>>> print(open('work.txt').read())   # compact mmCIF, C-alpha atoms and all ligand atoms
# COMPACT_ATOMS: atom_id res chain seq x y z
CA MET A 1 -12.36 -114.95 -7.04
CA LEU A 2 -11.37 -111.29 -6.95
CA ARG A 3 -8.95 -110.35 -4.20
CA GLU A 4 -10.14 -107.42 -2.11
CA PHE A 5 -8.08 -104.29 -2.41
CA ASN A 6 -5.65 -103.39 0.33
CA PRO A 7 -7.05 -100.16 1.85
CA THR A 8 -3.66 -98.44 1.41
CA VAL A 9 -4.17 -98.65 -2.35
CA HIS A 10 -7.19 -96.35 -2.11
CA THR A 11 -4.80 -93.42 -2.18
CA GLY A 12 -3.94 -94.54 -5.68
CA LEU A 13 -0.25 -94.39 -4.82
CA ILE A 14 1.88 -97.52 -4.96
CA GLN A 15 5.40 -98.57 -4.04
CA LEU A 16 7.78 -100.05 -6.60
CA ASN A 17 7.79 -103.36 -4.73
CA GLU A 18 4.05 -103.74 -5.37
CA VAL A 19 4.62 -104.12 -9.11
CA ASP A 20 4.47 -107.83 -9.94
CA GLN A 21 4.87 -107.65 -13.67
CA VAL A 22 6.12 -105.36 -16.40
CA GLU A 23 4.28 -106.08 -19.65
CA ILE A 24 5.96 -104.90 -22.81
CA GLN A 25 4.57 -104.50 -26.31
CA ILE A 26 7.78 -105.62 -27.93
CA ALA A 27 6.35 -105.30 -31.46
CA SER A 28 3.54 -103.07 -32.68
CA TRP A 29 1.62 -105.77 -34.55
CA CYS A 30 0.65 -109.39 -35.03
CA ASN A 31 0.78 -111.55 -38.14
CA ARG A 32 -2.70 -112.96 -37.42
CA SER A 33 -6.14 -111.49 -37.05
CA CYS A 34 -8.24 -113.60 -34.67
CA SER A 35 -11.95 -112.85 -34.49
CA PHE A 36 -11.86 -112.41 -30.69
CA CYS A 37 -8.85 -110.05 -30.66
CA PRO A 38 -8.52 -106.36 -31.60
CA SER A 39 -5.31 -106.95 -33.56
CA GLY A 40 -5.86 -106.30 -37.25
CA THR A 41 -9.07 -104.30 -36.71
CA PHE A 42 -7.27 -100.95 -37.00
CA GLU A 43 -4.25 -99.57 -38.85
CA THR A 44 -0.91 -99.87 -37.12
CA PRO A 45 2.67 -99.61 -38.39
CA LYS A 46 4.72 -102.80 -38.32
CA LEU A 47 7.52 -101.84 -35.98
CA GLY A 48 9.62 -103.56 -33.39
CA MET A 49 10.42 -101.72 -30.17
CA ASP A 50 13.55 -99.67 -30.70
CA MET A 51 16.63 -101.16 -29.03
CA SER A 52 17.29 -97.83 -27.28
CA THR A 53 13.83 -98.05 -25.69
CA VAL A 54 14.47 -101.65 -24.65
CA GLU A 55 17.79 -100.54 -23.17
CA ARG A 56 16.06 -97.72 -21.30
CA ILE A 57 13.46 -100.07 -19.78
CA VAL A 58 16.18 -102.53 -18.74
CA SER A 59 18.21 -99.72 -17.13
CA GLU A 60 15.21 -98.44 -15.17
CA LEU A 61 14.43 -101.92 -13.90
CA GLU A 62 18.07 -102.47 -13.09
CA THR A 63 18.15 -99.43 -10.82
CA ILE A 64 15.47 -100.98 -8.60
CA GLY A 65 16.86 -104.53 -8.82
CA PHE A 66 13.62 -105.80 -10.34
CA SER A 67 13.30 -109.57 -9.96
CA LYS A 68 9.68 -110.34 -10.69
CA THR A 69 8.02 -110.97 -14.08
CA ILE A 70 8.68 -109.52 -17.52
CA GLY A 71 5.96 -110.26 -20.12
CA LEU A 72 6.94 -109.63 -23.73
CA HIS A 73 3.60 -110.25 -25.44
CA LEU A 74 1.55 -107.14 -24.61
CA MET A 75 -0.89 -106.52 -27.49
CA CYS A 76 1.31 -108.10 -30.15
CA GLU A 77 2.94 -111.25 -31.46
CA PRO A 78 6.32 -111.04 -29.70
CA LEU A 79 8.11 -113.29 -32.20
CA MET A 80 7.54 -110.64 -34.90
CA HIS A 81 10.44 -108.65 -33.46
CA LYS A 82 13.53 -109.49 -35.52
CA LYS A 83 15.79 -109.04 -32.50
CA ILE A 84 13.70 -110.96 -30.00
CA MET A 85 16.65 -113.22 -29.10
CA ASP A 86 18.92 -110.23 -28.37
CA ILE A 87 16.18 -108.60 -26.32
CA ILE A 88 15.66 -111.67 -24.17
CA ALA A 89 19.43 -112.00 -23.70
CA LEU A 90 19.68 -108.35 -22.62
CA PHE A 91 16.97 -108.78 -19.96
CA ARG A 92 18.54 -112.01 -18.74
CA GLN A 93 22.05 -110.56 -18.56
CA ARG A 94 21.15 -107.34 -16.78
CA LEU A 95 18.26 -108.64 -14.64
CA PRO A 96 19.36 -112.18 -13.77
CA GLY A 97 16.62 -112.81 -11.22
CA VAL A 98 13.61 -112.00 -13.42
CA PHE A 99 11.09 -114.45 -14.77
CA ILE A 100 10.81 -113.78 -18.51
CA ARG A 101 7.73 -115.06 -20.27
CA MET A 102 5.74 -114.66 -23.44
CA GLU A 103 2.54 -115.83 -25.07
CA SER A 104 2.66 -116.58 -28.77
CA ASN A 105 0.66 -117.96 -31.68
CA GLY A 106 3.70 -120.12 -32.45
CA ASP A 107 3.73 -119.33 -36.18
CA ALA A 108 7.39 -118.29 -36.04
CA LEU A 109 8.34 -121.58 -34.36
CA LYS A 110 7.76 -123.89 -37.28
CA LYS A 111 11.41 -124.85 -36.87
CA ILE A 112 11.17 -126.24 -33.35
CA GLU A 113 14.88 -125.54 -32.74
CA ARG A 114 13.93 -121.86 -32.48
CA LEU A 115 12.00 -122.67 -29.34
CA GLY A 116 15.19 -124.05 -27.79
CA GLU A 117 17.06 -120.91 -28.84
CA LEU A 118 14.55 -118.73 -26.98
CA PHE A 119 15.32 -120.62 -23.79
CA ASP A 120 19.06 -120.59 -24.49
CA HIS A 121 18.87 -116.79 -24.63
CA GLY A 122 17.14 -116.65 -21.25
CA LEU A 123 13.39 -117.06 -21.75
CA ASN A 124 11.75 -118.89 -18.83
CA GLU A 125 8.26 -119.64 -20.10
CA ILE A 126 6.31 -119.59 -23.32
CA LEU A 127 2.59 -120.24 -23.70
CA ILE A 128 1.88 -121.30 -27.27
CA ASN A 129 -1.73 -120.90 -28.37
CA CYS A 130 -2.97 -123.30 -31.05
CA TYR A 131 -5.79 -121.37 -32.67
CA ASP A 132 -6.34 -123.44 -35.81
CA SER A 133 -7.37 -127.02 -35.13
CA PRO A 134 -6.86 -130.13 -32.96
CA ALA A 135 -4.42 -131.34 -35.65
CA GLN A 136 -2.25 -128.25 -35.13
CA TRP A 137 -2.14 -128.96 -31.39
CA ALA A 138 -1.40 -132.66 -31.95
CA ALA A 139 1.47 -131.92 -34.37
CA LEU A 140 3.16 -129.55 -31.95
CA ASN A 141 2.58 -131.97 -29.08
CA ARG A 142 4.30 -134.75 -31.05
CA GLN A 143 7.25 -132.51 -31.83
CA LEU A 144 7.64 -131.52 -28.20
CA LEU A 145 7.50 -135.10 -27.00
CA HIS A 146 10.15 -136.21 -29.48
CA THR A 147 12.62 -133.32 -29.66
CA SER A 148 15.86 -133.14 -27.69
CA PHE A 149 16.86 -129.51 -27.49
CA ALA A 150 20.57 -128.86 -27.99
CA GLY A 151 20.87 -126.23 -25.23
CA GLY A 152 19.31 -128.40 -22.51
CA PRO A 153 15.99 -129.99 -21.59
CA VAL A 154 12.72 -128.13 -21.93
CA TRP A 155 10.01 -128.73 -19.36
CA TYR A 156 6.72 -129.45 -21.15
CA TRP A 157 3.82 -128.46 -18.91
CA ASN A 158 1.26 -130.63 -20.73
CA GLN A 159 3.44 -133.65 -19.96
CA TRP A 160 3.85 -133.03 -16.22
CA ARG A 161 1.00 -130.76 -15.14
CA HIS A 162 3.35 -129.37 -12.51
CA PRO A 163 5.97 -126.63 -12.77
CA PRO A 164 9.68 -127.43 -12.52
CA ALA A 165 11.11 -127.30 -9.02
CA ALA A 166 13.93 -124.91 -9.99
CA PRO A 167 13.66 -121.16 -9.23
CA LYS A 168 11.48 -119.43 -11.84
CA SER A 169 14.40 -117.48 -13.29
CA GLN A 170 15.92 -120.85 -14.32
CA TRP A 171 12.85 -122.39 -15.91
CA ARG A 172 12.73 -123.45 -19.56
CA MET A 173 9.05 -124.25 -19.75
CA VAL A 174 6.55 -124.49 -22.58
CA ARG A 175 2.77 -124.75 -22.25
CA VAL A 176 0.64 -125.54 -25.28
CA ARG A 177 -2.95 -124.34 -25.15
CA ALA A 178 -5.78 -125.68 -27.30
CA PHE A 179 -7.58 -122.48 -28.30
CA HIS A 180 -9.37 -123.81 -31.39
CA GLY A 181 -13.11 -124.23 -31.74
CA GLY A 182 -15.55 -122.08 -29.83
CA GLY A 183 -17.69 -121.96 -26.75
CA PHE A 184 -15.16 -120.11 -24.62
CA THR A 185 -16.04 -117.19 -22.39
CA LEU A 186 -13.49 -114.63 -23.50
CA LYS A 187 -13.01 -110.99 -22.63
CA ASN A 188 -14.21 -108.14 -24.82
CA TRP A 189 -10.94 -106.21 -24.63
CA ALA A 190 -12.69 -103.19 -23.09
CA GLY A 191 -15.10 -103.03 -26.01
CA HIS A 192 -12.49 -103.43 -28.77
CA VAL A 193 -14.24 -106.65 -29.75
CA ALA A 194 -17.91 -107.62 -29.31
CA SER A 195 -18.86 -109.50 -26.16
CA GLN A 196 -17.52 -113.07 -26.22
CA ARG A 197 -19.81 -114.26 -23.42
CA PRO A 198 -22.83 -116.54 -23.63
CA ASP A 199 -24.60 -114.35 -21.04
CA PRO A 200 -24.31 -110.59 -21.48
CA VAL A 201 -23.18 -108.46 -18.53
CA GLU A 202 -24.23 -104.92 -17.76
CA LEU A 203 -21.49 -102.34 -18.26
CA PRO A 204 -19.84 -100.51 -16.64
CA LEU A 205 -19.25 -103.28 -14.16
CA ALA A 206 -19.38 -102.27 -10.50
CA LEU A 207 -16.17 -104.13 -9.75
CA PRO A 208 -12.69 -103.07 -8.67
CA CYS A 209 -9.71 -103.81 -10.89
CA GLU A 210 -6.15 -104.35 -9.71
CA ARG A 211 -4.53 -104.48 -13.12
CA PRO A 212 -2.98 -100.97 -13.13
CA THR A 213 -1.80 -101.50 -9.55
CA ARG A 214 0.00 -104.79 -10.01
CA ARG A 215 1.37 -104.34 -13.53
CA VAL A 216 3.13 -101.70 -15.59
CA HIS A 217 2.21 -101.70 -19.29
CA VAL A 218 4.64 -100.25 -21.81
CA ASN A 219 3.76 -99.87 -25.49
CA TYR A 220 6.25 -100.27 -28.34
CA LEU A 221 6.99 -96.53 -28.23
CA GLY A 222 7.95 -96.63 -24.55
CA GLN A 223 4.73 -94.99 -23.34
CA VAL A 224 3.08 -96.27 -20.17
CA LEU A 225 -0.55 -97.26 -20.69
CA LEU A 226 -3.39 -97.93 -18.29
CA CYS A 227 -3.52 -101.65 -18.97
CA ASN A 228 -3.42 -104.44 -21.52
CA MET A 229 -6.79 -103.39 -22.96
CA ASP A 230 -5.44 -100.16 -24.40
CA TRP A 231 -4.84 -101.30 -27.98
CA ARG A 232 -5.34 -97.78 -29.37
CA PHE A 233 -3.26 -95.99 -26.72
CA GLU A 234 -6.25 -94.03 -25.34
CA VAL A 235 -4.96 -93.72 -21.77
CA VAL A 236 -1.29 -92.80 -21.95
CA ALA A 237 -0.19 -92.06 -18.39
CA ALA A 238 3.56 -91.51 -18.73
CA ASP A 239 6.62 -92.09 -20.88
CA LEU A 240 9.39 -94.42 -19.78
CA ARG A 241 11.82 -92.92 -22.31
CA THR A 242 11.91 -89.64 -20.42
CA GLN A 243 10.60 -90.46 -16.93
CA SER A 244 11.96 -92.69 -14.21
CA LEU A 245 10.12 -95.81 -13.11
CA THR A 246 9.43 -94.15 -9.76
CA GLU A 247 7.69 -91.24 -11.50
CA VAL A 248 5.87 -93.47 -13.92
CA ILE A 249 4.18 -95.80 -11.43
CA ASN A 250 2.52 -92.87 -9.68
CA ALA A 251 1.69 -90.80 -12.76
CA PRO A 252 -1.40 -88.66 -11.96
CA LEU A 253 -3.63 -90.50 -14.43
CA LEU A 254 -2.77 -93.91 -12.96
CA VAL A 255 -3.34 -92.61 -9.44
CA GLU A 256 -6.79 -91.34 -10.40
CA TYR A 257 -7.75 -94.59 -12.14
CA ARG A 258 -6.57 -96.68 -9.18
CA GLN A 259 -8.53 -94.59 -6.70
CA ARG A 260 -11.73 -94.88 -8.70
CA LEU A 261 -11.25 -98.54 -9.57
CA ALA A 262 -10.72 -99.38 -5.91
CA GLN A 263 -14.13 -97.82 -5.29
CA LYS A 264 -15.65 -99.99 -8.03
CA ASP A 265 -16.13 -96.98 -10.29
CA ARG A 266 -15.38 -97.97 -13.87
CA ASN A 267 -17.07 -95.03 -15.52
CA MET A 268 -13.86 -93.92 -17.25
CA THR A 269 -12.32 -94.24 -20.72
CA LEU A 270 -11.66 -97.94 -21.43
CA CYS A 271 -12.93 -99.22 -18.08
CA ARG A 272 -16.55 -98.38 -18.82
CA GLY A 273 -16.63 -100.87 -21.70
CA CYS A 274 -14.50 -103.53 -20.02
CA ASP A 275 -15.89 -106.88 -18.89
CA GLN A 276 -12.69 -108.02 -17.15
CA GLY A 277 -13.56 -109.57 -13.78
CA ALA A 278 -17.08 -110.69 -14.73
CA PRO A 279 -17.73 -114.39 -14.01
CA SER A 280 -15.67 -116.58 -16.30
CA GLY A 281 -17.00 -119.70 -18.01
CA VAL A 282 -15.28 -122.26 -20.20
CA GLN A 283 -11.67 -121.35 -20.94
CA PRO A 284 -9.21 -122.81 -23.46
CA GLY A 285 -7.17 -125.56 -21.79
CA TYR A 286 -3.93 -127.55 -21.84
CA PRO A 287 -4.67 -131.07 -23.09
CA PRO A 288 -2.49 -133.83 -21.63
CA ALA A 289 0.51 -134.69 -23.79
CA ASP A 290 -0.14 -138.47 -23.58
CA ILE A 291 -1.99 -141.14 -21.60
CA TRP A 292 0.73 -141.29 -18.94
CA VAL A 293 0.21 -137.76 -17.69
CA PRO A 294 -1.89 -138.62 -14.59
CA TRP A 295 0.64 -141.30 -13.52
CA ARG A 296 3.64 -139.14 -14.27
CA SER A 297 2.07 -136.33 -12.35
CA LEU A 298 1.31 -138.55 -9.35
CA TRP A 299 4.84 -139.92 -9.39
CA LEU A 300 6.30 -136.43 -9.43
CA ARG A 301 4.10 -135.35 -6.54
CA TRP A 302 5.15 -138.38 -4.55
CA CYS A 303 8.87 -137.80 -5.29
CA ARG A 304 8.66 -134.20 -4.34
CA SER A 305 6.88 -134.81 -1.09
CA ARG A 306 8.90 -137.80 0.26
CA TYR A 307 12.40 -137.41 -1.08
CA ARG A 308 12.28 -133.83 -2.28
CA HIS A 309 15.92 -132.83 -1.89
CA ALA A 310 17.49 -136.09 -3.03
CA ILE A 311 15.32 -136.32 -6.15
CA ARG A 312 15.81 -132.67 -7.00
CA ASN A 313 19.57 -133.07 -6.83
CA ARG A 314 19.65 -136.35 -8.69
CA PHE A 315 17.29 -135.52 -11.58
CA GLY A 316 16.99 -131.73 -11.50
CA LEU A 317 13.21 -132.00 -11.14
C1 LIG A 401 -3.27 -110.54 -27.28
S1 LIG A 401 -2.47 -112.07 -27.21
C2 LIG A 401 -0.83 -111.69 -27.66
C3 LIG A 401 0.10 -112.86 -27.70
C4 LIG A 401 0.06 -113.76 -28.94
N1 LIG A 401 -0.15 -113.08 -30.12
C5 LIG A 401 -0.93 -114.87 -28.75
O1 LIG A 401 -1.97 -114.87 -29.39
O2 LIG A 401 -0.66 -115.77 -27.96
C6 LIG A 401 -2.29 -112.29 -25.44
C7 LIG A 401 -3.12 -113.41 -24.89
O3 LIG A 401 -4.48 -113.04 -24.93
C8 LIG A 401 -5.24 -114.17 -25.32
N2 LIG A 401 -6.49 -113.66 -25.88
C9 LIG A 401 -6.70 -113.10 -27.09
N3 LIG A 401 -7.96 -112.67 -27.19
C10 LIG A 401 -8.57 -112.99 -26.01
C11 LIG A 401 -9.88 -112.78 -25.49
N4 LIG A 401 -10.83 -112.20 -26.20
N5 LIG A 401 -10.12 -113.22 -24.23
C12 LIG A 401 -9.17 -113.83 -23.49
N6 LIG A 401 -7.91 -114.01 -23.92
C13 LIG A 401 -7.62 -113.60 -25.16
C14 LIG A 401 -4.35 -114.88 -26.30
O4 LIG A 401 -4.73 -116.23 -26.45
C15 LIG A 401 -3.00 -114.72 -25.67
O5 LIG A 401 -2.75 -115.76 -24.76
S1 LIG A 402 -4.84 -113.35 -30.27
FE1 LIG A 402 -2.64 -113.20 -30.64
S2 LIG A 402 -2.42 -114.25 -32.62
FE2 LIG A 402 -4.56 -113.72 -32.47
S3 LIG A 402 -4.68 -111.73 -33.47
FE3 LIG A 402 -4.47 -111.38 -31.26
S4 LIG A 402 -2.33 -111.02 -30.99
FE4 LIG A 402 -2.57 -112.07 -32.95
S1 LIG A 403 -11.23 -102.27 -15.72
FE1 LIG A 403 -10.02 -100.66 -16.67
S2 LIG A 403 -7.97 -100.96 -15.85
FE2 LIG A 403 -9.09 -102.81 -15.42
S3 LIG A 403 -8.60 -104.17 -17.15
FE3 LIG A 403 -10.50 -103.09 -17.65
S4 LIG A 403 -9.87 -101.31 -18.81
FE4 LIG A 403 -8.09 -102.08 -17.75
>>> encode(input="work.txt", output="structure tokens")
Amino acid sequence: MLREFNPTVHTGLIQLNEVDQVEIQIASWCNRSCSFCPSGTFETPKLGMDMSTVERIVSELETIGFSKTIGLHLMCEPLMHKKIMDIIALFRQRLPGVFIRMESNGDALKKIERLGELFDHGLNEILINCYDSPAQWAALNRQLLHTSFAGGPVWYWNQWRHPPAAPKSQWRMVRVRAFHGGGFTLKNWAGHVASQRPDPVELPLALPCERPTRRVHVNYLGQVLLCNMDWRFEVVAADLRTQSLTEVINAPLLVEYRQRLAQKDRNMTLCRGCDQGAPSGVQPGYPPADIWVPWRSLWLRWCRSRYRHAIRNRFGL
């Protein structure tokens, strides 16, 4: 269900502490071209975000002591960046309290040890999407159930169906999503792909949208975009290479979009073609890793409720 907007947001102005997540397009491209995704439908150079831009973003976040979420998968395949390990390490070192996550097609993780390396460098969560087939999901599932990672244990969501008890900045968690087949109700990426819904919706939707209020979206050039739908950089609001984070979050264009979105007015570039927020149907899921999942999950719940502290200390759960 959509959360109602806080009336203070109607001014369009926000405070830094309202930003929950900074989403970064760490590379300009993806190695795949899925039918339900805009990637590959238009020309784009194959570039990784410049290290000086990464450094600049880290410094800006450091000045405000940012400790919420960093997403590295905005409109790209994050593992395409040759220096992804260094980038994760830089965020972890300079922003120790952040939760660093990414979503990936997993193609660059054929050697499963690389997954462990991501966590060793400071990644907290990765969602791997299996787009090809049930066999692809099953193979990865087997690997995850039978691999001991050199740098320490990895928490496999599909095995526990609960998050680790540790603070999020200490997680080493992988989720594996079965995204193959069809019948899902997916978004249309603000019109960048055809509607992926069984029942069409009338656009523009008369719905608010909190996305540009809660998240900051930075493309591979360091420009601040309206949201994660802006694959062609149509609504560039600011530039983090030359502006401070404080300036950027209340850039005039973002303020105007927030004001109008809070009033359910989507008749603006990108928003008018966007079906985000319309009722969602069947979504890709996280199949259980094995037949013991329900029991394991019950056991964990029981441990955590009755003997929480003792169990946590003894087993690190
Ligand atoms: C654009 S992808 C980028 C990350 C990575 N390349 C991947 O596929 O996981 C970000 C997320 O959007 C999801 N996604 C792609 N197209 C979608 C759509 N039409 N509706 C909903 N989610 C979608 C992907 O499964 C992925 O979890
Ligand atoms: S969904 Fe991910 S893997 Fe598929 S084309 Fe888009 S960015 Fe690439
Ligand atoms: S409504 Fe506008 S701001 Fe919200 S997700 Fe869609 S395009 Fe982005």
>>> residues_near_point(input="work.txt", point="(-18.8, -101.3, -9.3)", cutoff="8 Å", atoms="all atoms listed in the file", output="ChimeraX atom specification")
/A:204-208,263-266
>>> write_last_selection(input="work.txt", atoms="C-alpha atoms", output="short mmCIF file (atom, residue, chain, number, x, y, z; two decimals), in the frame of the given file")
data_model
loop_
_atom_site.label_atom_id
_atom_site.label_comp_id
_atom_site.auth_asym_id
_atom_site.auth_seq_id
_atom_site.Cartn_x
_atom_site.Cartn_y
_atom_site.Cartn_z
CA PRO A 204 -19.84 -100.51 -16.64
CA LEU A 205 -19.25 -103.28 -14.16
CA ALA A 206 -19.38 -102.27 -10.50
CA LEU A 207 -16.17 -104.13 -9.75
CA PRO A 208 -12.69 -103.07 -8.67
CA GLN A 263 -14.13 -97.82 -5.29
CA LYS A 264 -15.65 -99.99 -8.03
CA ASP A 265 -16.13 -96.98 -10.29
CA ARG A 266 -15.38 -97.97 -13.87
#
>>> residues_around(input="work.txt", residues="range 35-43 of chain A", least_positions_apart="3", cutoff="12 Å", atoms="only C-alpha atoms", output="PyMOL selection string")
chain A and resi 27-32+46+74-77+131+179-197+228-232
>>> residues_near_ligand(input="work.txt", ligand="ligand LIG 403 (chain A)", cutoff="7 Å", atoms="all atoms listed in the file", output="compact mmCIF listing (two decimals) with C-alpha atoms, in the frame of the given file")
# COMPACT_ATOMS: atom_id res chain seq x y z
CA ALA A 190 -12.69 -103.19 -23.09
CA CYS A 209 -9.71 -103.81 -10.89
CA GLU A 210 -6.15 -104.35 -9.71
CA ARG A 211 -4.53 -104.48 -13.12
CA PRO A 212 -2.98 -100.97 -13.13
CA LEU A 226 -3.39 -97.93 -18.29
CA CYS A 227 -3.52 -101.65 -18.97
CA ASN A 228 -3.42 -104.44 -21.52
CA MET A 229 -6.79 -103.39 -22.96
CA ARG A 266 -15.38 -97.97 -13.87
CA LEU A 270 -11.66 -97.94 -21.43
CA CYS A 271 -12.93 -99.22 -18.08
CA CYS A 274 -14.50 -103.53 -20.02
CA ASP A 275 -15.89 -106.88 -18.89
CA GLN A 276 -12.69 -108.02 -17.15
>>> residues_around(input="work.txt", residues="range 99-109 of chain A", least_positions_apart="6", cutoff="8 Å", atoms="all atoms listed in the file", output="list in words")
Ser67, Lys68, Thr69, Ile70, Gly71, Leu72, His73, Glu77, Pro78, Leu79, Met80, Ile88, Arg92, Leu115, Gly122, Leu123, Asn124, Glu125, Ile126, Leu127, Ile128, Asn129, Cys130, Tyr131, Lys168 and Ser169 of chain A
>>> atom_distance(input="work.txt", atom1="atom S3 of ligand LIG 402 (chain A)", atom2="CA of Asp132 in chain A")
12.1 Å
>>> atom_distance(input="work.txt", atom1="CA of Val218 in chain A", atom2="CA of Leu240 in chain A")
7.8 Å
>>> closest_residue(input="work.txt", among="A:Trp292, A:Trp302, A:Trp137, A:Phe119", to="Ala178 in chain A", atoms="only C-alpha atoms")
A:Trp137
>>> atom_distance(input="work.txt", atom1="CA of Asp86 in chain A", atom2="CA of Thr246 in chain A")
26.4 Å
>>> closest_residue(input="work.txt", among="A:Arg272, A:Arg56, A:His146, A:Arg175", to="ligand LIG 401 (chain A)", atoms="all atoms listed in the file")
A:Arg175
>>> closest_residue(input="work.txt", among="A:Gln93, A:Asn141, A:Gln15, A:Gln283", to="ligand LIG 401 (chain A)", atoms="all atoms listed in the file")
A:Gln283
>>> closest_residue(input="work.txt", among="A:Ile64, A:Cys34, A:Leu225, A:Ala165", to="ligand LIG 401 (chain A)", atoms="only C-alpha atoms and all ligand atoms")
A:Cys34
